[in-house]
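First comes the structure, then the notes that go with it.
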Amino acid sequence: MSRRLAVLALALGLAVPVAARADADGVTVTPRFAHELANVPGQRLSAVEVEVAPGATPAPHHHAGSVYVYVLAGTIRLGLGGEEPKLYHAGDSFFEPPGSTHAVSDNPSKTEPARLLAVFVAPDRAQLTIPGAAK
């Protein structure tokens, strides 16, 4: 992010983290936006871009709060809890209720990455992605 854009974001009161985080499962997460929700004290709206490498199979995990996901590119196969996995393609979207465990969340393509925009409403300062099943 340019210095000018960072200053503008701070002046507008927006938290726009720029560091991408890649993990061993072939997933790169780039924070895009975060802001406290004035009308819902203690809650924060956060958006992250997620890239899942071709053929990647991330470990089971769950998320804090509610999540809306829009598939920007590629295809993702998702099975929440005990549900049968479904394919979501570019242009598709889905909702994850709080505490939903991603038993399956992989990229079935061997050649193309999948890119997602995930928008969270979760407690302020919560860890957005938690390894393992929800308790």
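In the structure tokens, chains take letters A, B, ... by order of appearance, with residues numbered from 1 within each chain and ligands from 1 in the order shown.
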
How close does segment 86-111 of chain A get to segment 27-37 of chain A? List, as CSV, each residue of segment 86-111 of chain A within 12 Å, its nearest atom pair and the distance in Å to one decimal, counting only C-alpha atoms.
```
residue,atom,partner,partner_atom,distance
A:Ser105,CA,A:Val27,CA,10.7
A:Asp106,CA,A:Val27,CA,9.8
A:Asn107,CA,A:Val27,CA,10.0
```

Output for the residues just chosen: N, CA and C atoms as a short mmCIF file (atom, residue, chain, number, x, y, z; two decimals), in the first residue's frame:
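Just written: result_10.cif:
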```cif
data_model
loop_
_atom_site.label_atom_id
_atom_site.label_comp_id
_atom_site.auth_asym_id
_atom_site.auth_seq_id
_atom_site.Cartn_x
_atom_site.Cartn_y
_atom_site.Cartn_z
N SER A 105 -12.75 -28.28 2.68
CA SER A 105 -12.65 -26.96 2.02
C SER A 105 -11.41 -26.99 1.13
N ASP A 106 -11.58 -27.56 -0.05
CA ASP A 106 -10.40 -27.72 -0.91
C ASP A 106 -10.62 -27.12 -2.30
N ASN A 107 -9.52 -27.04 -3.04
CA ASN A 107 -9.56 -26.58 -4.42
C ASN A 107 -9.43 -27.82 -5.30
#
```

Point to revise | Within 9 Å of Pro60 of chain A using only C-alpha atoms, minus same-chain residues under 2 positions, as an MDAnalysis selection string | key: chainID A and resid 58 62 101:105 131:133

Point to revise | Those of chain A in DSSP strand (DSSP E or B), formatted as a PyMOL selection string | key: chain A and resi 15+21-22+27-36+43-52+61-63+66-73+75-80+86-89+93-96+101-106+114-123+129-131

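Comparing the minimum interatomic distances between Gly99 of chain A and each of A:Ala47, A:Val67, A:Ala73, A:Val40, counting only C-alpha atoms, we find that A:Val67 sits nearest.
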
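Distances to Leu80 of chain A were evaluated for A:Pro98, A:Pro113, A:Pro123, A:Gly26 using only C-alpha atoms, and the minimum falls at A:Pro98.
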
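Candidate residues A:Asp124, A:Val52, A:Ser100, A:Tyr88 were compared for distance to Ala38 of chain A, and the nearest is A:Asp124, using only C-alpha atoms.
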
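Summary of the local environment: counting only C-alpha atoms, residues at most 9 Å from Leu128 of chain A, other than itself and those fewer than 3 positions away along its chain, are Ser46, His62, His63, Ala64, Gly65, Phe120, Ala122 and Arg125 of chain A.
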
Could you dump the residues just selected with C-alpha atoms as a PDB file, in the first residue's frame?
```
ATOM      1  CA  SER A  46     -13.564  -7.783   8.575  1.00  0.00           C
ATOM      2  CA  HIS A  62     -13.890 -23.075  11.935  1.00  0.00           C
ATOM      3  CA  HIS A  63     -14.380 -19.321  12.139  1.00  0.00           C
ATOM      4  CA  ALA A  64     -15.340 -16.787  14.777  1.00  0.00           C
ATOM      5  CA  GLY A  65     -18.722 -15.195  14.098  1.00  0.00           C
ATOM      6  CA  PHE A 120     -16.767 -11.716   8.839  1.00  0.00           C
ATOM      7  CA  ALA A 122     -17.153 -11.397  14.714  1.00  0.00           C
ATOM      8  CA  ARG A 125     -10.050  -8.794  18.177  1.00  0.00           C
TER       9      ARG A 125
END
```

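The shortest atom-to-atom distance to Leu45 of chain A, with only C-alpha atoms taken into account, belongs to A:Tyr68 out of A:Ser109, A:Tyr68, A:Gly81, A:Asp25.
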
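Counting from atom CA of Ser66 of chain A, the distance to atom CA of Val119 of chain A is 8.3 Å.
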
Check your understanding: Tell me, which residues of chain A carry DSSP helix (DSSP H, G or I), written as a ChimeraX atom specification?
Key -> /A:3-11

Just-selected residues, N, CA and C atoms written as a compact mmCIF listing (two decimals), in the first residue's frame:
```txt
# COMPACT_ATOMS: atom_id res chain seq x y z
N ARG A 3 2.17 5.00 0.77
CA ARG A 3 2.11 5.82 2.00
C ARG A 3 0.90 6.74 1.97
N ARG A 4 0.61 7.32 0.80
CA ARG A 4 -0.53 8.23 0.67
C ARG A 4 -1.84 7.50 0.97
N LEU A 5 -2.01 6.27 0.43
CA LEU A 5 -3.21 5.50 0.67
C LEU A 5 -3.33 5.11 2.15
N ALA A 6 -2.21 4.75 2.77
CA ALA A 6 -2.22 4.40 4.20
C ALA A 6 -2.65 5.60 5.03
N VAL A 7 -2.14 6.78 4.71
CA VAL A 7 -2.51 7.99 5.45
C VAL A 7 -3.99 8.29 5.24
N LEU A 8 -4.48 8.14 4.00
CA LEU A 8 -5.88 8.36 3.71
C LEU A 8 -6.76 7.39 4.50
N ALA A 9 -6.37 6.13 4.55
CA ALA A 9 -7.14 5.12 5.29
C ALA A 9 -7.20 5.48 6.77
N LEU A 10 -6.07 5.89 7.33
CA LEU A 10 -6.06 6.28 8.74
C LEU A 10 -6.92 7.50 8.96
N ALA A 11 -6.86 8.47 8.05
CA ALA A 11 -7.65 9.69 8.18
C ALA A 11 -9.14 9.38 8.15
```
